[in-house]
Structures are given as C-alpha cells and as structure tokens.
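*Asks:* The structure is given below, and queries will be raised subsequently.
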Amino acid sequence: MYTASDLKKGLKIMINNEPYLVTYFEFTKPGKGQALYRTKLKNMLTGLTIDRTFREGDSFEPASLEEREMQYLYKEGDHYYFMDNETYEQIVIEEETVGEARYYLIENLNVKVLMFREKPIGVDLPNFVNLKVIKTEAWVKGDTAKSDYKPATVETGYELRVPPFIEEGEVITVDTRTGEYVTRVKG
Amino acid sequence: MKNWSLTRKKGILWRRAKIIQSIRGFFTSRGYLEVETPHRIPAPAPESHIDPFSSEGWFLHPSPELCMKRMLSAGYEKIFQICHCWRKGERGSQHTPEFTLLEWYRVGRDYFDLMVECEELIQTLAGELGLGDSLQYQGHQILLESPWERITVEEAFIRYARISAKEALRKDRFDEVMVREIEPRLGIERPTFLYDYPSERRSLARLKKEKPSVAERFELYLGGLEMANGFSELTDPEEQRRVFQSEILIRQSLGKPVYPIPEKFLDELEEMPPSAGIALGVDRLVMVLLNERRIDEVIAFTPEDL
C-alpha cells in the first residue's frame, strides 16, 4: 500500500484495476493549507494521460505487474526487440509502450519488462546507465564565465545537459529516473 | 570535479549571500534589532497542516514565531530574524524540509503596513542587485513599482475560479482551487498581495473588527510563487487558546501527532501590544530575484545531496 507521500515520477499504481505510471509529480502546499500532490498519470494499457491531485493521507495500491528479466537487442522502425534471459524467447514492444525508456536503450542492456495479463506494457530500467556522448561543443579551457551546463547528444539520440568539461567520445552516467547527468566514467 | 552540480552554483550562491546581506542592511537601517531564538523548542504552535520534526522529545522549530512574539510581549518593538526552519514531508520544486525563513515583527502596525514594507524591501533588494524596477521571472516581466496589486481572497475566487471561497471551504476544496486555479495567476505582471483570509484559515491572525468572517492575514505572490505570509497578530490569549485547540482537533481527526500547547507563549501573550508580523521564504525570494525555477538551484545542498 502506498500513501500520497510515496508519490514520485516513475511510480506505478493501480486505479480501478488498471495500472498507471506517474509521469509528472509536483508537491504543492498553499500557505498554511494542506499538502497536495499533483500528478499526471499515464494509463499503461491505453496510453491516455489524466491529471490527478492526491491529498495527504490518500492511499492506493501498487500496480501488480509481472516483471521479466530481459535483454534489449535492437530496434527496427518503431519496434524494439527484447530477449527473455531465462527462456531466450524474443518479444517486440512498440515505441509508444517503450516510452522514455528508449532514451537509454543500448544494445545488450538488461532491463525488466513489465507484463500485465501476459502483455508487455512497459520497460523498467536500471537507475543508472552509461552512455557515450556523440555530440557536444568543445570546452574552451580557462573560460570561467561558462560555468554552466551545455547541451550534448548521447548514442541513443537523447539530448541532455552536461558539464562544460565533457567532450565528444566520453562515456557518462545518466540517472534514468531524472534523465540528468550524474558523473563522467573514467575511460 | 566530482560534484559539478555544486561547483556550478558558485555564482548563484555569491548572489544569494549578497541578497541576505542586503536584507540585513534593510532592516538594520530601519532600526530593527536582529535576534536569534532557539531552533529546538518544546512546543511549536499547533497548526493542522504543519508537521515539525521531533528532536529528543522537543521539536525543530517550523518557524521562530512563538519566541519572537514573546520578545514583543517583553518590550522589543522592532525585531527580525533570518534562520533555518524545518517542516516534515515538504519536498518539491518549491519546497525543502529544511529552509531559510526571514521573519520580522513590528509593534503598533497592522497587516497593511507590512504590505508596504514588503514592497520597499523587495524594491531595495532588486535595486542593490542591479535589477532595476522589474524582474524577469520564467518568461514574465514583473513590474516592481508601487503600489502592488491587492486582492482579497473572496475577489480572487470570483475572478479566477468557478467557485466562491465559501463554497470551496464547505466542499473541502479550498486548497485545491487555490493551488490549481488561483496561485498560478498571482504576481505575474506585478506582485500580488492576497488578503483577508476566511476565518477558518486565520492561523495566528486577528479577525477583522468590521468583518469577523475574515482574518487580517495576507500572502505575497511573485510569479505565481507564494513568498510570504503576514498577519495583524492575534493578542487575546483566550481566543488564541481556542484556535490552538481547534487546530489540535483537526490534527487528531487527520490521525496526526498532537503536540503540547505552548503555555509560556499564551501566558505572556496578554502583554503583547498590537503588532504585525510576517514570515518570508528566503530561498523562494532568491529564486525569483535570480530567475531560477527550482529551489534546488539556490541552495548549496538538497536533502538528496547529503
């Protein structure tokens, strides 16, 4: 059982017997008022998103999903291919179902595929994934005024902000829960 | 650089320090005494929706107001404090459970006087930061010239929501309407004072003599962000005790822990002269002055960084 204070982006909960993914979360509290937890919830079966505000003390069930250990193989168009690590069975998941996880899928990455009534409905990633930077501006050493992030593109095509000292070809660790840069991986 | 997210905040933290120095300068030059009161206290003010952290049977203060008001009762007339406060469970883009609060109190004044002082404070800070008479905040230009917008809670519900404040309270939807419909529209072109809160939301404010259904309480908004909460202070100990007791009942009905009544505060309250007091969130003020969207950007460490 979860309560409203457990809510965060990425949590999966059950509403009216259907699994929902929290895709947006914000804690709000009007002056001297009660805590309100604003969310956007994506129905993992239909893909439709709803707005929902929870209150302190509200409780709900975790989504009961079967998790299967799989390896990401490759993609073809909008189709992503995974292999079950136990049975070696291959499955296909549509890009729409893969969702934001596609930013982090590099070949041979071990993930958990979430199954609901025998159907794949989502992909759970490790919290941290190492990705190679394929495009970013060069760092002008000694330019202390530029002490802020700069844009970079990683091998999956995902764009994020990285520190100025990160150069093309380097590998960085990204937090898949926030989508943000964590650290440089020493080569 | 292992902790780049901290390294890159250097510019912001320098400006934050400058803002805090300017706040001190503003109050000191106006004859306010800077005070320090204990952060760890035996009995915080019972409030239905503020949850203090416990500390060896006492509590980390959720605000310094009780001790500061005891100073008013003891004859201190103009005081201010900048300190850390703690509120359990508050974490979001505008909240951290440990945060910095500025409180100031003034004897012989009311909440309208505090609104004027808020205008002067923030105009001074913006001037000293070199921002001139307007702020750029998240795509909005907020003009700081006086007078700022003043709108009652009742008017705000009529203007921005499809429900009256009274009806929203009755249906237990007041906070939700406030957060979803009203707050995002306040303080966009000019800062906004939202004032005259329904008596159910009076907190430690006195009721308006000519209209006792509302309390002399206001909140200041800039760019949709709530900045400050001020009152004409309630100085009647018996009435204050009843307010505390009803807050305790609400806490009990919500299944929340109940704290002891702050008896020394109530005992000395009868000697407190008519006064006005206000608490302003320093982190959020820094956010607005430096055009930052998340509180994480204006503090050195978030709880998650520790």
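Residues in the structure tokens are numbered from 1 in each chain, the chains being A, B, ... in the order shown, and ligands are numbered from 1 in the order shown.
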Please check the contacts: residues of chain A at most 6 Å away from chain B, using only C-alpha atoms, listed as a PyMOL selection string.
*Replies:* chain A and resi 26-27+34+147-148
*Asks:* From stretch 60-179 of chain A, collect each residue whose DSSP state is helix (DSSP H, G or I) and return the set as a list in words.
*Replies:* Glu95, Glu96, Thr97, Val98, Gly99, Glu100, Ala101, Arg102, Tyr103 and Tyr104 of chain A
*Asks:* Residues within 12 Å of A:Pro120, please, as a PyMOL selection string. Count only C-alpha atoms; anything in the same chain fewer than 2 positions from it doesn't count.
*Replies:* chain A and resi 44-45+65-68+70+80-82+84+90-98+112-118+122-124
*Asks:* So that I have them on file, write out the residues from the current selection with N, CA and C atoms, as a PDB file, in the first residue's frame.
*Replies:*
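Result file result39.pdb:
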```pdb
ATOM      1  N   MET A  44      -1.271   2.631 -18.388  1.00  0.00           N
ATOM      2  CA  MET A  44      -0.274   1.806 -19.067  1.00  0.00           C
ATOM      3  C   MET A  44      -0.908   0.859 -20.084  1.00  0.00           C
ATOM      4  N   LEU A  45      -2.228   0.757 -20.070  1.00  0.00           N
ATOM      5  CA  LEU A  45      -2.895  -0.091 -21.069  1.00  0.00           C
ATOM      6  C   LEU A  45      -3.329   0.725 -22.281  1.00  0.00           C
ATOM      7  N   LEU A  65       2.281  -5.951 -11.373  1.00  0.00           N
ATOM      8  CA  LEU A  65       2.797  -6.263 -12.697  1.00  0.00           C
ATOM      9  C   LEU A  65       3.814  -7.385 -12.562  1.00  0.00           C
ATOM     10  N   GLU A  66       3.824  -8.253 -13.532  1.00  0.00           N
ATOM     11  CA  GLU A  66       4.847  -9.295 -13.547  1.00  0.00           C
ATOM     12  C   GLU A  66       6.101  -8.701 -14.199  1.00  0.00           C
ATOM     13  N   GLU A  67       7.255  -8.923 -13.575  1.00  0.00           N
ATOM     14  CA  GLU A  67       8.499  -8.387 -14.139  1.00  0.00           C
ATOM     15  C   GLU A  67       9.304  -9.520 -14.738  1.00  0.00           C
ATOM     16  N   ARG A  68       9.726  -9.349 -15.970  1.00  0.00           N
ATOM     17  CA  ARG A  68      10.573 -10.377 -16.587  1.00  0.00           C
ATOM     18  C   ARG A  68      11.918  -9.793 -16.986  1.00  0.00           C
ATOM     19  N   MET A  70      14.912  -9.173 -19.060  1.00  0.00           N
ATOM     20  CA  MET A  70      15.163  -9.316 -20.491  1.00  0.00           C
ATOM     21  C   MET A  70      16.358  -8.462 -20.888  1.00  0.00           C
ATOM     22  N   TYR A  80      10.845  -2.387 -30.913  1.00  0.00           N
ATOM     23  CA  TYR A  80      12.012  -2.670 -30.079  1.00  0.00           C
ATOM     24  C   TYR A  80      11.998  -4.151 -29.715  1.00  0.00           C
ATOM     25  N   TYR A  81      13.133  -4.821 -29.943  1.00  0.00           N
ATOM     26  CA  TYR A  81      13.215  -6.274 -29.725  1.00  0.00           C
ATOM     27  C   TYR A  81      13.967  -6.563 -28.433  1.00  0.00           C
ATOM     28  N   PHE A  82      13.364  -7.446 -27.631  1.00  0.00           N
ATOM     29  CA  PHE A  82      13.956  -7.859 -26.356  1.00  0.00           C
ATOM     30  C   PHE A  82      14.002  -9.383 -26.301  1.00  0.00           C
ATOM     31  N   ASP A  84      14.068 -12.678 -23.576  1.00  0.00           N
ATOM     32  CA  ASP A  84      13.883 -13.140 -22.198  1.00  0.00           C
ATOM     33  C   ASP A  84      15.156 -13.867 -21.746  1.00  0.00           C
ATOM     34  N   GLN A  90      12.012 -14.225 -27.787  1.00  0.00           N
ATOM     35  CA  GLN A  90      12.118 -12.821 -28.187  1.00  0.00           C
ATOM     36  C   GLN A  90      10.742 -12.174 -28.234  1.00  0.00           C
ATOM     37  N   ILE A  91      10.692 -10.925 -27.792  1.00  0.00           N
ATOM     38  CA  ILE A  91       9.410 -10.221 -27.897  1.00  0.00           C
ATOM     39  C   ILE A  91       9.629  -8.854 -28.547  1.00  0.00           C
ATOM     40  N   VAL A  92       8.547  -8.283 -29.076  1.00  0.00           N
ATOM     41  CA  VAL A  92       8.604  -6.963 -29.700  1.00  0.00           C
ATOM     42  C   VAL A  92       7.747  -6.013 -28.877  1.00  0.00           C
ATOM     43  N   ILE A  93       8.263  -4.836 -28.625  1.00  0.00           N
ATOM     44  CA  ILE A  93       7.462  -3.813 -27.935  1.00  0.00           C
ATOM     45  C   ILE A  93       7.452  -2.560 -28.805  1.00  0.00           C
ATOM     46  N   GLU A  94       6.265  -1.958 -28.911  1.00  0.00           N
ATOM     47  CA  GLU A  94       6.101  -0.750 -29.729  1.00  0.00           C
ATOM     48  C   GLU A  94       6.767   0.442 -29.034  1.00  0.00           C
ATOM     49  N   GLU A  95       7.221   1.388 -29.853  1.00  0.00           N
ATOM     50  CA  GLU A  95       7.894   2.566 -29.299  1.00  0.00           C
ATOM     51  C   GLU A  95       7.019   3.305 -28.283  1.00  0.00           C
ATOM     52  N   GLU A  96       5.723   3.376 -28.578  1.00  0.00           N
ATOM     53  CA  GLU A  96       4.811   4.094 -27.685  1.00  0.00           C
ATOM     54  C   GLU A  96       4.797   3.474 -26.282  1.00  0.00           C
ATOM     55  N   THR A  97       4.905   2.152 -26.227  1.00  0.00           N
ATOM     56  CA  THR A  97       4.915   1.461 -24.940  1.00  0.00           C
ATOM     57  C   THR A  97       6.279   1.596 -24.264  1.00  0.00           C
ATOM     58  N   VAL A  98       7.340   1.595 -25.065  1.00  0.00           N
ATOM     59  CA  VAL A  98       8.692   1.743 -24.501  1.00  0.00           C
ATOM     60  C   VAL A  98       8.805   3.110 -23.827  1.00  0.00           C
ATOM     61  N   LYS A 112      13.946  -4.743 -17.046  1.00  0.00           N
ATOM     62  CA  LYS A 112      12.791  -5.543 -16.627  1.00  0.00           C
ATOM     63  C   LYS A 112      11.622  -5.157 -17.515  1.00  0.00           C
ATOM     64  N   VAL A 113      11.066  -6.142 -18.195  1.00  0.00           N
ATOM     65  CA  VAL A 113       9.874  -5.858 -18.993  1.00  0.00           C
ATOM     66  C   VAL A 113       8.658  -6.136 -18.116  1.00  0.00           C
ATOM     67  N   LEU A 114       7.746  -5.167 -18.086  1.00  0.00           N
ATOM     68  CA  LEU A 114       6.589  -5.267 -17.198  1.00  0.00           C
ATOM     69  C   LEU A 114       5.427  -5.880 -17.964  1.00  0.00           C
ATOM     70  N   MET A 115       4.873  -6.935 -17.391  1.00  0.00           N
ATOM     71  CA  MET A 115       3.801  -7.659 -18.065  1.00  0.00           C
ATOM     72  C   MET A 115       2.510  -7.501 -17.268  1.00  0.00           C
ATOM     73  N   PHE A 116       1.401  -7.283 -17.974  1.00  0.00           N
ATOM     74  CA  PHE A 116       0.085  -7.214 -17.335  1.00  0.00           C
ATOM     75  C   PHE A 116      -0.846  -8.086 -18.157  1.00  0.00           C
ATOM     76  N   ARG A 117      -1.406  -9.061 -17.532  1.00  0.00           N
ATOM     77  CA  ARG A 117      -2.232 -10.044 -18.243  1.00  0.00           C
ATOM     78  C   ARG A 117      -1.504 -10.556 -19.486  1.00  0.00           C
ATOM     79  N   GLU A 118      -0.246 -10.968 -19.275  1.00  0.00           N
ATOM     80  CA  GLU A 118       0.565 -11.617 -20.328  1.00  0.00           C
ATOM     81  C   GLU A 118       1.005 -10.669 -21.432  1.00  0.00           C
ATOM     82  N   GLY A 122       5.413  -2.079 -20.426  1.00  0.00           N
ATOM     83  CA  GLY A 122       6.406  -1.069 -20.071  1.00  0.00           C
ATOM     84  C   GLY A 122       7.759  -1.690 -19.857  1.00  0.00           C
ATOM     85  N   VAL A 123       8.775  -0.804 -19.759  1.00  0.00           N
ATOM     86  CA  VAL A 123      10.145  -1.256 -19.560  1.00  0.00           C
ATOM     87  C   VAL A 123      10.711  -0.538 -18.346  1.00  0.00           C
ATOM     88  N   ASP A 124      11.233  -1.303 -17.377  1.00  0.00           N
ATOM     89  CA  ASP A 124      11.872  -0.729 -16.198  1.00  0.00           C
ATOM     90  C   ASP A 124      13.380  -0.784 -16.382  1.00  0.00           C
TER      91      ASP A 124
END
```
*Asks:* What does the distance between atom CA of A:Lys132 and atom CA of A:Glu76 come to in Å, to one decimal place?
*Replies:*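 Interatomic distance here is 21.0 Å.
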*Asks:* DSSP on the backbone: what in stretch 29-134 of chain B comes out strand (DSSP E or B), as a VMD selection string?
*Replies:* chain B and resid 33 to 34 40 to 41 54 to 55 58 to 60 78 to 86 92 95 98 to 107 134
*Asks:* Env of B:Phe59: 6 Å cut, atoms = only C-alpha atoms, seq-sep filter 2 positions within chain, self excluded. Answer as a VMD selection string.
*Replies:* chain B and resid 40 to 42 53 to 55 61
*Asks:* My list of candidates is A:Pro163, A:Gly169, A:Pro126, A:Pro62. Which is closest to A:Met1 when distances are computed with only C-alpha atoms?
*Replies:*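 Ranking A:Pro163, A:Gly169, A:Pro126, A:Pro62 by distance to A:Met1, first place goes to A:Pro62.
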*Asks:* Would you pick out the contacts of A:Tyr158 at 10 Å or less, using only C-alpha atoms, so that residues sharing its chain but fewer than 5 positions from it are not included, and give the list as a PyMOL selection string?
*Replies:* chain A and resi 100+102-104+131+133+152-153+179
*Asks:* Can you write out the residues you just picked, keeping N, CA and C atoms, as a JSON list (two decimals), in the first residue's frame?
*Replies:*
```json
[["chain", "number", "residue", "atom", "x", "y", "z"],
["A", 100, "GLU", "N", 9.73, 6.80, -22.57],
["A", 100, "GLU", "CA", 11.00, 7.50, -22.36],
["A", 100, "GLU", "C", 12.17, 6.54, -22.15],
["A", 102, "ARG", "N", 13.28, 4.60, -24.11],
["A", 102, "ARG", "CA", 14.05, 4.49, -25.35],
["A", 102, "ARG", "C", 15.30, 5.35, -25.33],
["A", 103, "TYR", "N", 15.30, 6.41, -24.49],
["A", 103, "TYR", "CA", 16.48, 7.27, -24.41],
["A", 103, "TYR", "C", 17.70, 6.53, -23.87],
["A", 104, "TYR", "N", 17.47, 5.42, -23.22],
["A", 104, "TYR", "CA", 18.57, 4.76, -22.50],
["A", 104, "TYR", "C", 18.86, 3.37, -23.02],
["A", 131, "LEU", "N", 26.32, 6.01, -20.99],
["A", 131, "LEU", "CA", 26.05, 6.33, -22.39],
["A", 131, "LEU", "C", 27.20, 7.15, -22.97],
["A", 133, "VAL", "N", 28.84, 10.01, -25.29],
["A", 133, "VAL", "CA", 28.48, 11.30, -25.86],
["A", 133, "VAL", "C", 28.94, 11.32, -27.31],
["A", 152, "ALA", "N", 24.30, 18.23, -24.95],
["A", 152, "ALA", "CA", 25.06, 17.12, -25.52],
["A", 152, "ALA", "C", 24.07, 16.08, -26.01],
["A", 153, "THR", "N", 24.48, 15.31, -27.01],
["A", 153, "THR", "CA", 23.67, 14.21, -27.51],
["A", 153, "THR", "C", 24.42, 12.92, -27.25],
["A", 179, "GLY", "N", 16.68, 11.62, -15.83],
["A", 179, "GLY", "CA", 17.18, 11.96, -17.16],
["A", 179, "GLY", "C", 18.40, 12.87, -17.11]]
```
*Asks:* Would you pick out the contacts of A:Arg184 at 7 Å or less, using only C-alpha atoms, so that residues sharing its chain but fewer than 6 positions from it are not included, and give the list as a PyMOL selection string?
*Replies:* chain A and resi 171-173
*Asks:* Using only C-alpha atoms, which residue out of B:Ile182, B:Ile20, B:Ile261, B:Leu101 lies closest to B:Ala161?
*Replies:* B:Ile182
*Asks:* List the spatial neighbours of A:Lys12 as a PyMOL selection string - criterion: any atom at most 7 Å away, only C-alpha atoms, same-chain residues fewer than 2 positions off excluded.
*Replies:* chain A and resi 10+19-22+62-63
*Asks:* Suppose we keep N, CA and C atoms; can you now write the selection as a PDB file, in the first residue's frame?
*Replies:*
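The new file out_28.pdb reads:
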```pdb
ATOM      1  N   GLY A  10       7.623   8.012 -12.058  1.00  0.00           N
ATOM      2  CA  GLY A  10       8.073   6.641 -12.301  1.00  0.00           C
ATOM      3  C   GLY A  10       7.344   5.608 -11.460  1.00  0.00           C
ATOM      4  N   PRO A  19      -3.310  -0.447 -14.397  1.00  0.00           N
ATOM      5  CA  PRO A  19      -2.022   0.109 -13.977  1.00  0.00           C
ATOM      6  C   PRO A  19      -1.759   1.483 -14.579  1.00  0.00           C
ATOM      7  N   TYR A  20      -1.284   2.404 -13.749  1.00  0.00           N
ATOM      8  CA  TYR A  20      -0.941   3.754 -14.189  1.00  0.00           C
ATOM      9  C   TYR A  20       0.496   4.068 -13.796  1.00  0.00           C
ATOM     10  N   LEU A  21       1.154   4.834 -14.683  1.00  0.00           N
ATOM     11  CA  LEU A  21       2.519   5.284 -14.425  1.00  0.00           C
ATOM     12  C   LEU A  21       2.475   6.778 -14.092  1.00  0.00           C
ATOM     13  N   VAL A  22       3.174   7.165 -13.016  1.00  0.00           N
ATOM     14  CA  VAL A  22       3.257   8.592 -12.684  1.00  0.00           C
ATOM     15  C   VAL A  22       4.280   9.219 -13.626  1.00  0.00           C
ATOM     16  N   PRO A  62       0.007  -0.522  -5.130  1.00  0.00           N
ATOM     17  CA  PRO A  62       0.988  -0.571  -6.211  1.00  0.00           C
ATOM     18  C   PRO A  62       0.427  -1.372  -7.382  1.00  0.00           C
ATOM     19  N   ALA A  63       0.826  -1.048  -8.603  1.00  0.00           N
ATOM     20  CA  ALA A  63       0.362  -1.802  -9.767  1.00  0.00           C
ATOM     21  C   ALA A  63       0.942  -3.218  -9.672  1.00  0.00           C
TER      22      ALA A  63
END
```
*Asks:* Between A:Leu36, A:Thr53, A:Ile121, A:Thr23, which has the minimum distance to A:Lys9 (counting only C-alpha atoms)?
*Replies:*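 Using only C-alpha atoms, A:Lys9 sits closest to A:Thr23.
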*Asks:* Have a look at atom CA of A:Asn17 and atom CA of A:Ser64 and let me know their distance in Å, one decimal.
*Replies:*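 Atom-to-atom, atom CA of A:Asn17 to atom CA of A:Ser64, that is 9.3 Å.
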*Asks:* Could you jot down the atom CA of A:Lys135 to atom CA of A:Thr178 separation for me, Å, one decimal place?
*Replies:*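 Taking atom CA of A:Lys135 as the start and atom CA of A:Thr178 as the end point, the length is 20.7 Å.
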